[in-house]
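Engineer: What follows is the file start_34.txt, containing compact mmCIF, C-alpha atoms (C1' of nucleotides):
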# COMPACT_ATOMS: atom_id res chain seq x y z
CA MET Q 1 62.00 -1.39 139.29
CA PHE Q 2 63.86 1.69 140.48
CA THR Q 3 66.33 2.22 137.69
CA GLU Q 4 64.09 4.46 135.57
CA ILE Q 5 63.12 6.72 138.40
CA ASN Q 6 66.67 6.96 139.66
CA ASN Q 7 68.10 7.78 136.27
CA ASN Q 8 65.37 10.27 135.75
CA LEU Q 9 65.97 12.19 138.95
CA ASN Q 10 69.72 12.09 138.52
CA LYS Q 11 69.23 14.38 135.55
CA TYR Q 12 68.02 17.12 137.83
CA GLU Q 13 70.57 16.76 140.61
CA GLN Q 14 73.39 14.35 141.28
CA LEU Q 15 72.42 11.86 143.95
CA THR Q 16 74.65 9.43 145.83
CA ILE Q 17 73.92 5.75 146.15
CA GLN Q 18 72.99 6.29 149.77
CA GLU Q 19 70.56 9.03 148.92
CA LEU Q 20 68.97 6.93 146.22
CA SER Q 21 68.59 3.99 148.52
CA ILE Q 22 66.83 6.11 151.14
CA PHE Q 23 64.59 7.39 148.38
CA ASN Q 24 63.83 3.93 147.03
CA SER Q 25 63.08 2.52 150.46
CA LEU Q 26 60.38 5.16 150.88
CA LEU Q 27 58.63 4.44 147.62
CA GLN Q 28 55.66 2.11 147.58
CA VAL Q 29 54.88 0.04 144.54
CA LYS Q 30 51.32 0.15 143.31
CA LYS Q 31 49.96 -1.87 140.42
CA VAL Q 32 46.57 -0.96 139.07
CA PRO Q 33 44.47 -2.27 136.20
CA ARG Q 34 43.18 0.04 133.48
CA LYS Q 35 40.17 2.20 134.19
CA SER Q 36 41.09 2.57 137.86
CA LEU Q 37 40.14 5.87 139.39
CA LEU Q 38 43.11 7.04 141.43
CA LEU Q 39 41.53 10.33 142.47
CA SER Q 40 37.99 11.73 142.27
CA LYS Q 41 36.59 15.21 142.60
CA GLY Q 42 36.00 15.98 146.27
CA GLU Q 43 38.74 13.69 147.57
CA VAL Q 44 42.05 14.88 148.91
CA CYS Q 45 44.94 13.63 146.78
CA LYS Q 46 46.83 11.14 148.92
CA TYR Q 47 49.97 10.54 146.93
CA GLU Q 48 52.21 11.54 144.07
CA ALA Q 49 52.91 8.76 141.62
CA PHE Q 50 55.81 8.15 139.28
CA ILE Q 51 54.74 6.04 136.33
CA VAL Q 52 57.00 3.07 135.70
CA LYS Q 53 54.63 1.63 133.17
CA GLY Q 54 51.23 2.65 131.90
CA CYS Q 55 49.20 5.62 130.81
CA ILE Q 56 47.03 7.89 132.91
CA LYS Q 57 44.60 10.70 132.20
CA THR Q 58 43.88 13.69 134.41
CA TYR Q 59 40.60 15.46 133.73
CA PHE Q 60 37.86 17.74 134.94
CA ILE Q 61 34.15 17.22 134.41
CA ASP Q 62 32.36 20.28 133.06
CA GLU Q 63 28.80 21.42 133.70
CA ASN Q 64 27.49 19.18 130.91
CA GLU Q 65 29.11 16.10 132.44
CA LYS Q 66 31.77 16.07 129.79
CA GLU Q 67 35.39 15.13 130.45
CA VAL Q 68 37.95 17.85 129.83
CA ILE Q 69 41.35 16.21 129.65
CA LEU Q 70 44.10 18.20 131.29
CA THR Q 71 47.00 15.84 130.69
CA PHE Q 72 48.03 12.40 129.65
CA SER Q 73 50.89 10.97 131.67
CA VAL Q 74 53.06 8.07 130.61
CA GLU Q 75 56.27 6.34 131.63
CA ASN Q 76 58.72 8.52 133.56
CA TRP Q 77 56.22 11.21 134.44
CA TRP Q 78 54.80 12.12 137.79
CA VAL Q 79 51.10 12.42 138.29
CA SER Q 80 49.06 13.94 141.11
CA ASP Q 81 46.85 16.89 141.89
CA ILE Q 82 49.63 19.03 143.23
CA GLY Q 83 47.33 21.61 144.75
CA SER Q 84 45.15 19.09 146.56
CA PHE Q 85 48.10 16.99 147.68
CA HIS Q 86 50.07 19.83 149.21
CA GLU Q 87 47.34 21.99 150.61
CA GLN Q 88 45.23 19.01 151.65
CA ILE Q 89 42.14 20.43 150.05
CA PRO Q 90 39.49 18.54 148.07
CA SER Q 91 40.48 18.07 144.47
CA LYS Q 92 38.43 19.31 141.54
CA MET Q 93 39.80 16.73 139.21
CA TYR Q 94 39.88 13.06 138.39
CA ILE Q 95 42.90 10.86 137.77
CA GLU Q 96 42.31 7.56 136.01
CA THR Q 97 44.43 4.90 134.36
CA ILE Q 98 43.97 4.32 130.65
CA GLU Q 99 46.18 1.22 130.68
CA ASP Q 100 47.26 -1.28 133.32
CA SER Q 101 49.90 0.66 135.21
CA GLU Q 102 52.77 0.29 137.64
CA LEU Q 103 53.37 3.21 139.92
CA LEU Q 104 55.88 4.23 142.54
CA ILE Q 105 54.18 6.40 145.08
CA LEU Q 106 55.09 8.93 147.72
CA THR Q 107 52.52 9.81 150.35
CA ARG Q 108 52.66 13.01 152.34
CA GLU Q 109 54.38 11.12 155.13
CA THR Q 110 57.00 9.43 153.00
CA LYS Q 111 57.59 12.60 151.01
CA ALA Q 112 58.07 14.61 154.19
CA GLU Q 113 60.47 11.99 155.48
CA LEU Q 114 62.35 12.06 152.20
CA LEU Q 115 62.68 15.84 152.21
CA TYR Q 116 63.84 15.72 155.80
CA LYS Q 117 66.44 13.02 155.20
CA VAL Q 118 67.60 14.17 151.78
CA PRO Q 119 66.96 17.90 151.45
CA LYS Q 120 68.33 17.82 147.91
CA PHE Q 121 64.91 16.58 146.91
CA GLU Q 122 63.45 20.00 147.64
CA LYS Q 123 65.43 21.20 144.68
CA ILE Q 124 64.53 18.26 142.51
CA PHE Q 125 60.85 18.68 143.12
CA ARG Q 126 61.09 22.41 142.60
CA LEU Q 127 62.71 21.83 139.22
CA LEU Q 128 60.10 19.27 138.27
CA VAL Q 129 57.28 21.62 139.09
CA GLN Q 130 58.98 24.45 137.24
CA ARG Q 131 59.21 22.42 134.07
CA HIS Q 132 55.64 21.45 134.43
CA LEU Q 133 54.67 25.08 134.79
CA ALA Q 134 56.62 26.15 131.73
CA SER Q 135 54.83 23.54 129.67
CA TYR Q 136 51.43 24.79 130.84
CA GLN Q 137 52.35 28.29 129.79
CA GLU Q 138 53.26 27.09 126.35
CA ARG Q 139 50.08 25.11 126.08
CA HIS Q 140 47.97 28.04 127.14
CA PHE Q 141 49.50 30.15 124.42
CA GLU Q 142 48.84 27.44 121.84
CA MET Q 143 45.27 27.17 123.00
CA ILE Q 144 44.64 30.87 122.47
CA ALA Q 145 46.78 31.56 119.44
CA LEU Q 146 46.46 28.45 117.30
CA SER Q 147 43.70 26.67 115.40
CA ALA Q 148 42.53 23.17 116.20
CA GLN Q 149 44.46 21.82 113.24
CA GLU Q 150 47.68 23.48 114.31
CA ARG Q 151 47.27 22.20 117.85
CA TYR Q 152 46.66 18.70 116.57
CA LEU Q 153 49.81 18.77 114.46
CA ILE Q 154 51.84 19.95 117.42
CA PHE Q 155 50.37 17.17 119.50
CA LEU Q 156 51.34 14.58 116.91
CA LYS Q 157 54.86 15.91 116.83
CA LYS Q 158 55.28 16.15 120.59
CA TYR Q 159 53.63 12.87 121.54
CA PRO Q 160 53.67 10.61 118.49
CA SER Q 161 53.34 7.47 120.54
CA LEU Q 162 50.23 8.65 122.35
CA THR Q 163 48.28 8.56 119.13
CA GLN Q 164 48.49 4.79 119.27
CA ARG Q 165 47.81 4.43 122.95
CA VAL Q 166 44.98 6.87 123.51
CA PRO Q 167 41.56 6.83 121.85
CA GLN Q 168 40.93 9.72 119.54
CA HIS Q 169 38.05 11.27 121.40
CA LEU Q 170 40.31 11.70 124.41
CA ILE Q 171 42.87 13.46 122.27
CA ALA Q 172 40.08 15.72 121.02
CA SER Q 173 39.21 16.55 124.61
CA TYR Q 174 42.85 17.25 125.40
CA LEU Q 175 43.03 19.61 122.44
CA GLY Q 176 39.84 21.35 123.49
CA VAL Q 177 37.72 20.36 120.47
CA SER Q 178 34.76 18.04 119.93
CA PRO Q 179 35.53 14.47 118.77
CA GLU Q 180 33.54 15.07 115.58
CA PHE Q 181 35.57 18.11 114.71
CA LEU Q 182 38.89 16.38 115.30
CA SER Q 183 37.73 13.66 112.97
CA LYS Q 184 37.06 16.26 110.30
CA VAL Q 185 40.43 17.90 110.84
CA ARG Q 186 42.07 14.53 110.30
CA ALA Q 187 40.07 13.85 107.17
CA LYS Q 188 41.18 17.18 105.79
CA LEU Q 189 44.83 16.46 106.58
CA VAL Q 190 44.65 13.13 104.79
CA LYS Q 191 43.33 14.75 101.65
CA GLN Q 192 46.28 17.15 101.51
CA MET C 1 60.31 48.36 151.56
CA PHE C 2 60.72 44.79 152.73
CA THR C 3 57.73 44.37 155.00
CA GLU C 4 55.35 43.18 152.30
CA ILE C 5 57.69 40.61 150.87
CA ASN C 6 58.66 39.36 154.32
CA ASN C 7 55.09 39.00 155.49
CA ASN C 8 54.22 37.33 152.26
CA LEU C 9 56.91 34.67 152.48
CA ASN C 10 56.28 34.08 156.14
CA LYS C 11 52.94 32.66 155.13
CA TYR C 12 54.66 29.80 153.37
CA GLU C 13 57.29 29.00 155.97
CA GLN C 14 58.26 30.56 159.24
CA LEU C 15 61.46 32.56 158.91
CA THR C 16 63.67 33.99 161.63
CA ILE C 17 64.79 37.59 161.73
CA GLN C 18 68.29 36.47 160.76
CA GLU C 19 67.02 34.56 157.77
CA LEU C 20 64.92 37.48 156.66
CA SER C 21 67.80 39.85 156.96
CA ILE C 22 70.01 37.64 154.81
CA PHE C 23 67.19 37.51 152.31
CA ASN C 24 66.66 41.25 152.32
CA SER C 25 70.34 41.98 151.93
CA LEU C 26 70.37 39.95 148.74
CA LEU C 27 67.44 41.72 147.12
CA GLN C 28 68.07 44.58 144.74
CA VAL C 29 65.59 47.39 144.39
CA LYS C 30 64.58 48.32 140.87
CA LYS C 31 62.26 51.16 139.95
CA VAL C 32 60.94 51.31 136.42
CA PRO C 33 58.55 53.65 134.62
CA ARG C 34 55.49 52.34 132.83
CA LYS C 35 55.90 50.73 129.42
CA SER C 36 59.35 49.38 130.28
CA LEU C 37 60.23 46.09 128.65
CA LEU C 38 61.80 43.91 131.33
CA LEU C 39 62.21 40.89 129.07
CA SER C 40 61.92 40.32 125.31
CA LYS C 41 61.62 37.25 123.20
CA GLY C 42 65.06 35.82 122.51
CA GLU C 43 66.62 37.15 125.69
CA VAL C 44 67.50 35.02 128.67
CA CYS C 45 65.52 36.05 131.73
CA LYS C 46 68.01 37.56 134.16
CA TYR C 47 66.00 37.91 137.33
CA GLU C 48 62.87 37.10 139.25
CA ALA C 49 61.04 40.14 140.52
CA PHE C 50 58.69 40.62 143.44
CA ILE C 51 56.32 43.50 142.81
CA VAL C 52 56.19 45.99 145.67
CA LYS C 53 54.16 48.42 143.64
CA GLY C 54 52.92 48.43 140.09
CA CYS C 55 51.36 46.27 137.43
CA ILE C 56 53.05 44.13 134.84
CA LYS C 57 51.93 42.12 131.85
CA THR C 58 53.50 38.93 130.52
CA TYR C 59 52.67 38.10 126.92
CA PHE C 60 53.53 36.23 123.77
CA ILE C 61 53.34 37.62 120.25
CA ASP C 62 51.49 35.36 117.81
CA GLU C 63 52.08 34.89 114.10
CA ASN C 64 49.89 37.91 113.28
CA GLU C 65 51.94 40.17 115.56
CA LYS C 66 49.21 40.21 118.14
CA GLU C 67 49.83 40.21 121.87
CA VAL C 68 48.52 37.22 123.77
CA ILE C 69 48.48 38.10 127.45
CA LEU C 70 49.50 35.27 129.70
CA THR C 71 49.24 37.05 133.05
CA PHE C 72 48.88 40.33 134.80
CA SER C 73 50.98 40.64 137.92
CA VAL C 74 50.42 43.18 140.66
CA GLU C 75 51.58 43.93 144.20
CA ASN C 76 52.86 40.90 146.11
CA TRP C 77 53.29 38.67 143.11
CA TRP C 78 56.46 37.36 141.57
CA VAL C 79 57.12 37.77 137.90
CA SER C 80 59.68 36.13 135.61
CA ASP C 81 59.94 33.62 132.82
CA ILE C 82 60.62 30.68 135.07
CA GLY C 83 61.71 28.40 132.27
CA SER C 84 64.13 30.86 130.74
CA PHE C 85 65.51 31.98 134.09
CA HIS C 86 66.27 28.54 135.41
CA GLU C 87 67.35 26.75 132.30
CA GLN C 88 69.13 29.80 130.89
CA ILE C 89 67.43 29.44 127.56
CA PRO C 90 66.06 32.23 125.35
CA SER C 91 62.60 33.27 126.38
CA LYS C 92 59.63 33.17 124.07
CA MET C 93 57.79 35.86 125.95
CA TYR C 94 57.76 39.52 126.81
CA ILE C 95 57.43 41.11 130.23
CA GLU C 96 56.43 44.76 130.34
CA THR C 97 55.26 47.21 132.98
CA ILE C 98 51.79 48.66 132.62
CA GLU C 99 52.33 51.15 135.46
CA ASP C 100 55.36 52.71 137.12
CA SER C 101 56.64 49.89 139.27
CA GLU C 102 58.92 49.10 142.18
CA LEU C 103 60.50 45.70 142.15
CA LEU C 104 62.69 43.61 144.41
CA ILE C 105 64.83 41.37 142.32
CA LEU C 106 66.81 38.17 142.69
CA THR C 107 69.34 37.29 140.02
CA ARG C 108 70.60 33.78 139.48
CA GLU C 109 73.61 34.62 141.61
CA THR C 110 71.74 36.13 144.51
CA LYS C 111 69.09 33.43 144.38
CA ALA C 112 71.74 30.71 144.44
CA GLU C 113 73.40 32.43 147.37
CA LEU C 114 70.07 32.66 149.16
CA LEU C 115 69.27 28.99 148.63
CA TYR C 116 72.72 28.09 149.86
CA LYS C 117 72.57 30.24 152.97
CA VAL C 118 68.91 29.65 153.80
CA PRO C 119 67.84 26.30 152.34
CA LYS C 120 64.32 26.86 153.65
CA PHE C 121 63.83 28.98 150.57
CA GLU C 122 63.90 25.86 148.43
CA LYS C 123 60.66 24.95 150.05
CA ILE C 124 59.20 28.43 149.80
CA PHE C 125 59.93 28.67 146.11
CA ARG C 126 58.64 25.18 145.52
CA LEU C 127 55.37 26.12 147.19
CA LEU C 128 55.13 29.33 145.20
CA VAL C 129 55.62 27.49 141.93
CA GLN C 130 53.12 24.83 142.95
CA ARG C 131 50.44 27.43 143.58
CA HIS C 132 51.21 29.02 140.31
CA LEU C 133 50.86 25.68 138.58
CA ALA C 134 47.52 24.93 140.22
CA SER C 135 46.18 28.26 139.01
CA TYR C 136 47.26 27.52 135.43
CA GLN C 137 45.46 24.21 135.54
CA GLU C 138 42.29 25.91 136.65
CA ARG C 139 42.64 28.54 133.98
CA HIS C 140 43.20 25.96 131.29
CA PHE C 141 40.01 24.21 132.29
CA GLU C 142 38.10 27.49 132.19
CA MET C 143 39.51 28.25 128.78
CA ILE C 144 38.26 24.97 127.34
CA ALA C 145 35.05 24.50 129.24
CA LEU C 146 33.62 27.99 129.59
CA SER C 147 32.30 30.67 127.24
CA ALA C 148 33.86 34.09 126.90
CA GLN C 149 31.13 35.58 129.05
CA GLU C 150 31.66 33.09 131.85
CA ARG C 151 35.40 33.65 131.77
CA TYR C 152 34.89 37.39 131.93
CA LEU C 153 32.62 37.09 134.96
CA ILE C 154 35.17 34.91 136.73
CA PHE C 155 37.86 37.44 135.92
CA LEU C 156 35.78 40.25 137.42
CA LYS C 157 35.24 38.26 140.56
CA LYS C 158 38.83 37.15 140.95
CA TYR C 159 40.53 40.42 140.08
CA PRO C 160 38.00 43.22 140.58
CA SER C 161 40.68 45.86 140.97
CA LEU C 162 42.41 44.99 137.71
CA THR C 163 39.38 46.19 135.79
CA GLN C 164 40.28 49.71 136.85
CA ARG C 165 43.99 49.41 136.28
CA VAL C 166 44.18 47.59 132.99
CA PRO C 167 42.75 48.73 129.65
CA GLN C 168 39.92 46.59 128.38
CA HIS C 169 41.61 45.33 125.23
CA LEU C 170 44.34 43.80 127.36
CA ILE C 171 41.75 42.02 129.46
CA ALA C 172 40.23 40.71 126.23
CA SER C 173 43.61 39.36 125.23
CA TYR C 174 44.04 37.74 128.65
CA LEU C 175 40.65 36.07 128.27
CA GLY C 176 41.51 34.89 124.78
CA VAL C 177 38.91 36.92 122.89
CA SER C 178 39.01 39.86 120.51
CA PRO C 179 38.53 43.32 122.04
CA GLU C 180 35.40 43.84 119.95
CA PHE C 181 33.86 40.69 121.24
CA LEU C 182 34.58 41.52 124.87
CA SER C 183 32.88 44.84 124.29
CA LYS C 184 29.80 43.03 123.03
CA VAL C 185 29.81 40.65 125.98
CA ARG C 186 29.85 43.66 128.30
CA ALA C 187 27.03 45.34 126.45
CA LYS C 188 24.96 42.21 126.78
CA LEU C 189 25.67 41.96 130.51
CA VAL C 190 24.58 45.55 131.06
CA LYS C 191 21.25 44.90 129.38
CA GLN C 192 20.47 42.04 131.74
C1' DC I 1 29.69 -13.67 117.48
C1' DG I 2 27.25 -9.79 119.25
C1' DA I 3 26.86 -5.57 121.95
C1' DA I 4 28.82 -1.46 123.04
C1' DA I 5 31.96 2.04 122.04
C1' DA I 6 34.57 4.80 118.80
C1' DT I 7 34.81 7.07 114.54
C1' DT I 8 33.09 9.20 110.44
C1' DT I 9 30.03 12.02 107.78
C1' DG I 10 26.54 15.48 106.72
C1' DA I 11 23.25 19.20 107.78
C1' DC I 12 22.59 22.85 110.41
C1' DA I 13 23.47 26.22 114.33
C1' DT I 14 26.27 29.55 116.76
C1' DG I 15 30.00 31.78 119.26
C1' DA I 16 33.52 34.41 118.20
C1' DC I 17 36.40 36.91 114.59
C1' DT I 18 37.33 40.51 111.09
C1' DC I 19 36.71 44.69 109.06
C1' DA I 20 35.06 49.12 108.83
C1' DA I 21 32.79 52.99 110.53
C1' DC I 22 31.67 55.77 114.37
C1' DT I 23 32.04 57.80 119.21
C1' DG I 24 34.29 59.62 122.94
C1' DG I 25 37.70 60.97 125.91
C1' DA I 26 42.89 62.28 126.99
C1' DG I 27 46.60 64.58 125.92
C1' DT I 28 49.21 68.19 123.20
C1' DG I 29 50.46 72.27 120.87
C1' DG I 30 49.24 76.63 119.04
C1' DC P 1 41.24 77.29 125.96
C1' DC P 2 40.19 75.48 121.66
C1' DA P 3 41.26 72.41 117.76
C1' DC P 4 43.48 68.34 116.55
C1' DT P 5 45.07 63.91 116.91
C1' DC P 6 45.29 59.50 118.77
C1' DC P 7 43.93 55.63 121.07
C1' DA P 8 40.30 52.91 123.39
C1' DG P 9 35.92 51.39 123.09
C1' DT P 10 31.44 50.50 120.66
C1' DT P 11 28.44 48.87 117.02
C1' DG P 12 26.93 46.43 112.87
C1' DA P 13 27.44 43.34 108.78
C1' DG P 14 29.31 39.49 107.04
C1' DT P 15 32.21 35.35 107.66
C1' DC P 16 34.45 31.37 109.58
C1' DA P 17 35.81 27.94 112.87
C1' DT P 18 33.93 24.92 115.59
C1' DG P 19 29.87 22.88 117.99
C1' DT P 20 25.59 19.95 118.06
C1' DC P 21 22.75 16.38 116.63
C1' DA P 22 21.68 12.36 114.18
C1' DA P 23 22.65 8.57 111.31
C1' DA P 24 25.82 5.33 109.24
C1' DT P 25 30.03 2.68 109.69
C1' DT P 26 33.86 0.58 111.87
C1' DT P 27 36.34 -1.17 115.69
C1' DT P 28 36.89 -3.20 120.16
C1' DC P 29 36.29 -6.51 123.43
C1' DG P 30 33.65 -9.43 126.46
Let's see the structure in the file written out as structure tokens.

Structural biologist:
Amino acid sequence: MFTEINNNLNKYEQLTIQELSIFNSLLQVKKVPRKSLLLSKGEVCKYEAFIVKGCIKTYFIDENEKEVILTFSVENWWVSDIGSFHEQIPSKMYIETIEDSELLILTRETKAELLYKVPKFEKIFRLLVQRHLASYQERHFEMIALSAQERYLIFLKKYPSLTQRVPQHLIASYLGVSPEFLSKVRAKLVKQ
Amino acid sequence: MFTEINNNLNKYEQLTIQELSIFNSLLQVKKVPRKSLLLSKGEVCKYEAFIVKGCIKTYFIDENEKEVILTFSVENWWVSDIGSFHEQIPSKMYIETIEDSELLILTRETKAELLYKVPKFEKIFRLLVQRHLASYQERHFEMIALSAQERYLIFLKKYPSLTQRVPQHLIASYLGVSPEFLSKVRAKLVKQ
DNA sequence: CGAAAATTTGACATGACTCAACTGGAGTGG
DNA sequence: CCACTCCAGTTGAGTCATGTCAAATTTTCG
């Protein structure tokens, strides 16, 4: 259960067996079926989850009631509304499983305890957030500078497996285009 | 010189006079005239800068040689290419002053020394990055879900003073529209 | 198997872009 | 202090990428 998460964090900072066992004892296992809403707009985000297995979407709802997908998260990623979780303010987004999922979760309490007992985790979490930030910057640039087709090709290259796991209209939403238009982009690519 | 930065960081985590004086002794002052390039594509980002005075743009250059503005940074903000700085990889972006600026900078060495001597800063920097991340998420949503006019109105509300300090075509770039189109949006708003 | 959801396709609409011409300051040098 | 240049901003015409709506088709899943 814990091997993936332990290996994953070890990449950021070397951890001793003792440190890892403190960490693991603080994690709670959570299994949820697909289509479970883990967070809704208006709620305060109660935990950060590491995905052992499964696939999760994070999205906003716009003024026309349409989903705008912010991210897909799969195995070995963390998911949460960082802002809501840390500042304890109501979230503006939704987090929902796309597949049956197994999560390891840290609540505010267990995370605080972890940071207190193993301060190294401050660094680990800082690095995780930094990476996350860098990828948003890149994505923002792509959004402004590239066409829908170019963004789609980048998506395919970056996340080839997601194409199988995630319905196409969600990918369209992630890319910031209508499902009809993504379908046309694909048709055009096939012809070439 | 240090009062702004000290007050600013105190908001995130209470710091003692001793801790602040260690911090301040590690900062280097850097004054730069307007139109100075602080970082170019291909370079590794050598420092993180807190802006005491001035205004700075961070941007990419797209395939048609056009600037795509990622952020404007003014007094009391930090600026750097976080990814490049921490992973020591070549940056893809440019950082350039728009006005004469006064900066307080941390290099990798001084930052490492700071984190070693005052580990509380791990937390402070983690919180700073988290806030930053939350604001990118919001901006990404706006980019996908809102029209150019709506984005412009939000910009005016969020950063009223920047309108005076930054030429309009740079604001257009920040909003992800052509300068001509922003001009038309403004004309339309005036008529209403 | 049947209902509901996802995808495709086509016709049409539109927001935003490009290009080019014009206007209006803000320096700068004679 | 004027004339000149240069850059930012505006405006209009034409175009293009992408959106919307509706219908047809395919896939998914209870």

Engineer: Fewer than 6 positions away in the same chain doesn't count, so skip those; otherwise give me all residues within 12 Å of Q:Phe181, counting only C-alpha atoms (C1' of nucleotides), as an MDAnalysis selection string.

Structural biologist: (chainID Q and resid 147:149 152 168:169 171:173 175 187:188) or (chainID I and resid 7:9) or (chainID P and resid 17:20)

Engineer: Near chain P, meaning an atom within 12 Å, which residues of chain Q appear when counting only C-alpha atoms (C1' of nucleotides)? Write them as a VMD selection string.

Structural biologist: chain Q and resid 146 to 149 167 176 to 182 184 to 185

Engineer: Enter the distance from atom CA of Q:Leu128 to atom CA of C:Tyr159, in Å, rounded to one decimal.

Structural biologist: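 Between these atoms lies a distance of 28.9 Å.
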
Engineer: Do a neighbour search on stretch 89-95 of chain C at 9 Å with only C-alpha atoms (C1' of nucleotides), toss out local chain neighbours closer than 4 positions, and write the hits as a PyMOL selection string.

Structural biologist: chain C and resi 36-45+56-61+79-81+83-85

Engineer: Just the residues within 10 Å of Q:Thr110, please, counting only C-alpha atoms (C1' of nucleotides), with nothing from its chain fewer than 4 positions along; format it as a list in words.

Structural biologist: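 My list of contacting residues is Phe23, Ser25, Leu26, Leu27, Gln28, Tyr47, Ile105, Leu106, Leu114, Leu115 and Tyr116 of chain Q.
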
Engineer: When distances are computed from all atoms listed in the file, which of C:Ile82, C:Val74, C:Leu170, C:Ala112 shows the smallest separation from Q:Val129?

Structural biologist: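 When distances to Q:Val129 are compared using all atoms listed in the file, the smallest one comes from C:Ile82.
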
Engineer: Determine the nearest neighbour of chain C from the options Q:Glu4, Q:Glu96, Q:Glu109, Q:Glu63, counting all atoms listed in the file.

Structural biologist: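 For chain C, the nearest of the given residues is Q:Glu63.
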
Engineer: Could you please select, counting all atoms listed in the file, the residues of chain I within 10 Å of chain C and state them as a list of chain:residue names?

Structural biologist: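 The answer, sorted by residue number, is I:DG15, I:DA16, I:DC17, I:DT18.
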
Engineer: Compute the chain Q side of the contact with chain C at 6 Å, counting all atoms listed in the file, and hand it back as an MDAnalysis selection string.

Structural biologist: chainID Q and resid 83 122 126 133:134 144 176

Engineer: Please indicate the distance in Å from atom C1' of I:DG25 to atom CA of C:Arg186, rounded to one decimal place.

Structural biologist: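 Separation between atom C1' of I:DG25 and atom CA of C:Arg186: 19.2 Å.
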
Engineer: Atom CA of Q:Lys158 and atom CA of Q:Ser183, how far apart in Å?

Structural biologist: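 Value for the atom CA of Q:Ser183-atom CA of Q:Lys158 distance: 19.3 Å.
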
Engineer: Counting all atoms listed in the file, which of Q:Lys46, Q:Lys117, Q:Lys157, Q:Lys53 gets nearest to Q:Pro33?

Structural biologist: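 Among the listed residues, Q:Lys53 lies closest to Q:Pro33.
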